[in-house]
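Heads up, the thing below is written out as structure tokens.
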Amino acid sequence: MLIDKLGQFGLDHFDRWVGQIRAHGELPLQIRLWDGRDYRFSASPTVTITLPGPQAVSYFRKPSLASLGEAYVEGQVDIDGPLPSVFEVAVALAGRLVSGNKLWGRLAARGAQHSRSLDSESIQYHYDVSNDFYRLWLDEQMVYSCAYFENGDESLADAQVKKLDHILTKIMLRPGEQLLDIGCGWGALILRAATQFGAHATGITLSENQYALAQERIHAAGVQDRCKVLLCDYRDVKGTYDKITSVGMFEHVGLANLAGYFAKVHSLLRDGGLVLNHGITTTDVNNGSGAYFGGSDFIDRYVFPNGELPHVALAMKEMSAAGLEVLDVESLRRHYARTLEFWTDRFEANAGSVRAMVDDKHYRIWRVYLAGCAWAFANDWVSIYQLLGCRAGGGGLNPMPMSRRYMYVK
């Protein structure tokens with residue numbers, strides 16, 4: 001009997017594992033072993049997992065999205081099949097052997113204190129792969145956040161422009177106003193604010209690659225007199241702004257630091273100004289950061305180190321506690337599922353170029369990450385909300401009209 005390197009899980013155990021999986025019903029799955037064994041879990045499998053050696057068997061002992069993802073990323077297994085089907089099979093394998101009442105894995109405190117240096121390292125790990133890498137599968141403006149599908153049939157490029165305009169319209173950005181964009185990416189929002197809304201826009205990022213390209217774009221657009229980007233931490237920003245946006249950034253703040261984050265936003269926002277926080281949230285009311293079947297463990301290890309997701313209720317609580325009145329809440333969960341479908345399709349269509357640019361491990365990481373995120377949003381494991389707010393209190397601080405009609409009038 002062959003025994004894998006981790007001990008008591010050889011081929012005889014694998015046969016029993018196969019029986020357990022089959023007992024729960026069919027799966028569109030075929031598993032091929034290095035010795036020629038072939039296990040089919042339906043008459044017409046669409047996904048094939050190949051185990052090239054006995055060491056790969058250990059990853060299936062107690063399958064989770066973390067262990068299966070690790071097996072793929074580390075080259076211990078090969079997987080063929082359409083990505084949506086691959087992730088459907090992975091979720092089914094993880095769910096069929098999960099212990100009764102533990103669907104949601106609670107993340108242990110990671111010990112991350114979210115210092116300036118740690119946050120900078122985490123951001124650079126994720127975003128500084130290369131600008132050309134992101135350019136292959138994002139839209140032309142390289143907007144790396146949830147798009148806005150007003151009608152549902154927009155192209156990715158059109159939906160991203162609509163997202164930018166939806167945000168800037170929501171905050172009622174006016175010509176000459178000072179806008180701060182916390183976590184500005186490659187500068188799409190601040191450029192839109194300066195060129196189309198006539199605002200004076202400042203963006204901040206911790207990614208050197210994003211900073212460099214945003215600078216280039218600002219100069220190419222000829223708006224350096226009213227648009228700039230800074231390489232700095234949000235905790236170090238000074239001044240007062242008419243409007244503040246934060247798009248896809250507060251996921252990096254950390255649950256323990258949400259109070260300080262929103263307090264900093266409050267301190268930067270002038271009386272009568274508006275702030276919009278656009279961020280991913282967990283649907284676990286206990287703030288488990290979406291650790292479904294080990295999915296967040298995979299993301300923390302390979303993709304987003306030290307990221308933590310609050311429930312929208314916690315985000316609203318901390319926003320209110322910091323002295324910000326929550327004026328409007330909008331869920332864009334289905335919009336992000338659609339966005340990720342576009343990104344996944346573009347990634348797959350450009351697989352040859354991606355593989356020529358990064359090593360095989362990074363290709364596999366991003367391939368499974370994008371497909372997994374698309375599944376997570378489509379199945380309500382995670383969500384995303386736009387929270388619109390102003391400084392709390394009387395005296396006319398709330399600048400919003402009496403209805404929400406202004407957000408949609410062209």
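Letters A, B, ... mark the chains of the structure tokens in the order given; residue numbers begin at 1 per chain; ligand numbers begin at 1, in order shown.
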
For region 203-261 of chain A against region 184-192 of chain A, with a cut-off of 12 Å and counting only C-alpha atoms, what is the closest atom pair and its distance in Å to one decimal for every residue that makes the cut, ordered by chain and number, as a Markdown table?
| residue | atom | partner | partner_atom | distance |
| --- | --- | --- | --- | --- |
| A:Gly203 | CA | A:Cys184 | CA | 5.0 |
| A:Ile204 | CA | A:Cys184 | CA | 5.6 |
| A:Thr205 | CA | A:Cys184 | CA | 5.8 |
| A:Leu206 | CA | A:Gly185 | CA | 9.1 |
| A:Ser207 | CA | A:Gly185 | CA | 8.0 |
| A:Glu208 | CA | A:Trp186 | CA | 10.2 |
| A:Asn209 | CA | A:Trp186 | CA | 8.3 |
| A:Gln210 | CA | A:Trp186 | CA | 4.8 |
| A:Tyr211 | CA | A:Trp186 | CA | 6.8 |
| A:Ala212 | CA | A:Trp186 | CA | 8.4 |
| A:Leu213 | CA | A:Trp186 | CA | 6.2 |
| A:Ala214 | CA | A:Trp186 | CA | 4.8 |
| A:Gln215 | CA | A:Gly187 | CA | 8.2 |
| A:Glu216 | CA | A:Trp186 | CA | 9.7 |
| A:Arg217 | CA | A:Gly187 | CA | 7.6 |
| A:Ile218 | CA | A:Leu191 | CA | 6.8 |
| A:His219 | CA | A:Leu191 | CA | 10.4 |
| A:Ala220 | CA | A:Leu191 | CA | 10.6 |
| A:Ala221 | CA | A:Leu191 | CA | 8.1 |
| A:Gly222 | CA | A:Leu191 | CA | 10.2 |
| A:Val223 | CA | A:Leu191 | CA | 8.0 |
| A:Gln224 | CA | A:Leu191 | CA | 9.8 |
| A:Asp225 | CA | A:Leu191 | CA | 11.8 |
| A:Arg226 | CA | A:Leu191 | CA | 9.4 |
| A:Cys227 | CA | A:Ile190 | CA | 6.8 |
| A:Lys228 | CA | A:Ile190 | CA | 8.1 |
| A:Val229 | CA | A:Gly187 | CA | 7.7 |
| A:Leu230 | CA | A:Cys184 | CA | 9.4 |
| A:Leu231 | CA | A:Cys184 | CA | 10.1 |
| A:Cys232 | CA | A:Cys184 | CA | 11.1 |
| A:Asp233 | CA | A:Cys184 | CA | 11.6 |
| A:Tyr234 | CA | A:Cys184 | CA | 11.0 |
| A:Lys243 | CA | A:Ile190 | CA | 11.7 |
| A:Ile244 | CA | A:Ile190 | CA | 10.9 |
| A:Thr245 | CA | A:Cys184 | CA | 8.9 |
| A:Ser246 | CA | A:Cys184 | CA | 7.7 |
| A:Val247 | CA | A:Cys184 | CA | 7.4 |
| A:Gly248 | CA | A:Cys184 | CA | 8.9 |
| A:Met249 | CA | A:Cys184 | CA | 8.5 |
| A:Phe250 | CA | A:Cys184 | CA | 11.9 |

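Minimum atom-to-atom distance to Arg391 (chain A), evaluated using only C-alpha atoms, belongs to A:His266 out of A:Lys410, A:Lys62, A:His200, A:His266.
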
Discussion item. With DSSP run on the backbone, what are the helix (DSSP H, G or I) residues within region 13-255 of chain A? I'd like them as a count of residues only.
Written reply: 102

Fill in: Long-range neighbours of region 365-374 of chain A as number ranges by chain, 7 Å cut-off, only C-alpha atoms, 2 positions minimum in chain
A: 73, 83-84, 87, 302, 337, 340-341, 344, 361-363, 376-378

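Counting only C-alpha atoms and comparing A:Asp380, A:Asp38, A:Asp153, A:Asp132, the residue that lies closest to Thr283 (chain A) is A:Asp380.
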
Worksheet item: Which polymer residues have any atom within 12 Å of an atom of Glu154 (chain A), counting only C-alpha atoms, with same-chain residues fewer than 5 positions away left out, as an MDAnalysis selection string?
Response: chainID A and resid 147:149 159:163 335 338:339 342

Worksheet item: Hey, which of A:Leu138, A:Gly279, A:Gly183, A:Phe133 ends up closest to Arg355 (chain A)? Count only C-alpha atoms.
Response: A:Phe133

Worksheet item: Which neighbours of Asp80 (chain A) fall inside 7 Å, counting only C-alpha atoms, when residues of the same chain fewer than 5 positions from it are skipped, and could you give them as a ChimeraX atom specification?
Response: /A:47-49

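Counting only C-alpha atoms, the residue from A:Glu88, A:Gly198, A:Thr282, A:Arg364 that sits nearest to Ala351 (chain A) is A:Arg364.
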
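Between CA of Gly239 (chain A) and CA of Cys390 (chain A) the interatomic distance comes to 16.7 Å.
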
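Interatomic distance, CA of Ser267 (chain A) against CA of Ala315 (chain A): 17.4 Å.
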
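Pairwise distance (CA of Val275 (chain A), CA of Leu255 (chain A)) equals 19.6 Å.
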
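The residue set within 12 Å of Arg135 (chain A), counting only C-alpha atoms and dropping same-chain residues fewer than 5 places from it, reads Tyr127, Val129, Ser130, Glu140, Gln141, Met142, Val143, Tyr144, Trp186, Gln210, Leu213, Trp343, Arg346, Phe347, Asn350, Ser353, Val354 and Met357 of chain A.
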
Worksheet, complete the sentence: Counting only C-alpha atoms, closest pick from A:Lys238, A:Ser145, A:Tyr72, A:Ile299 relative to Ile384 (chain A) is A:Ser145
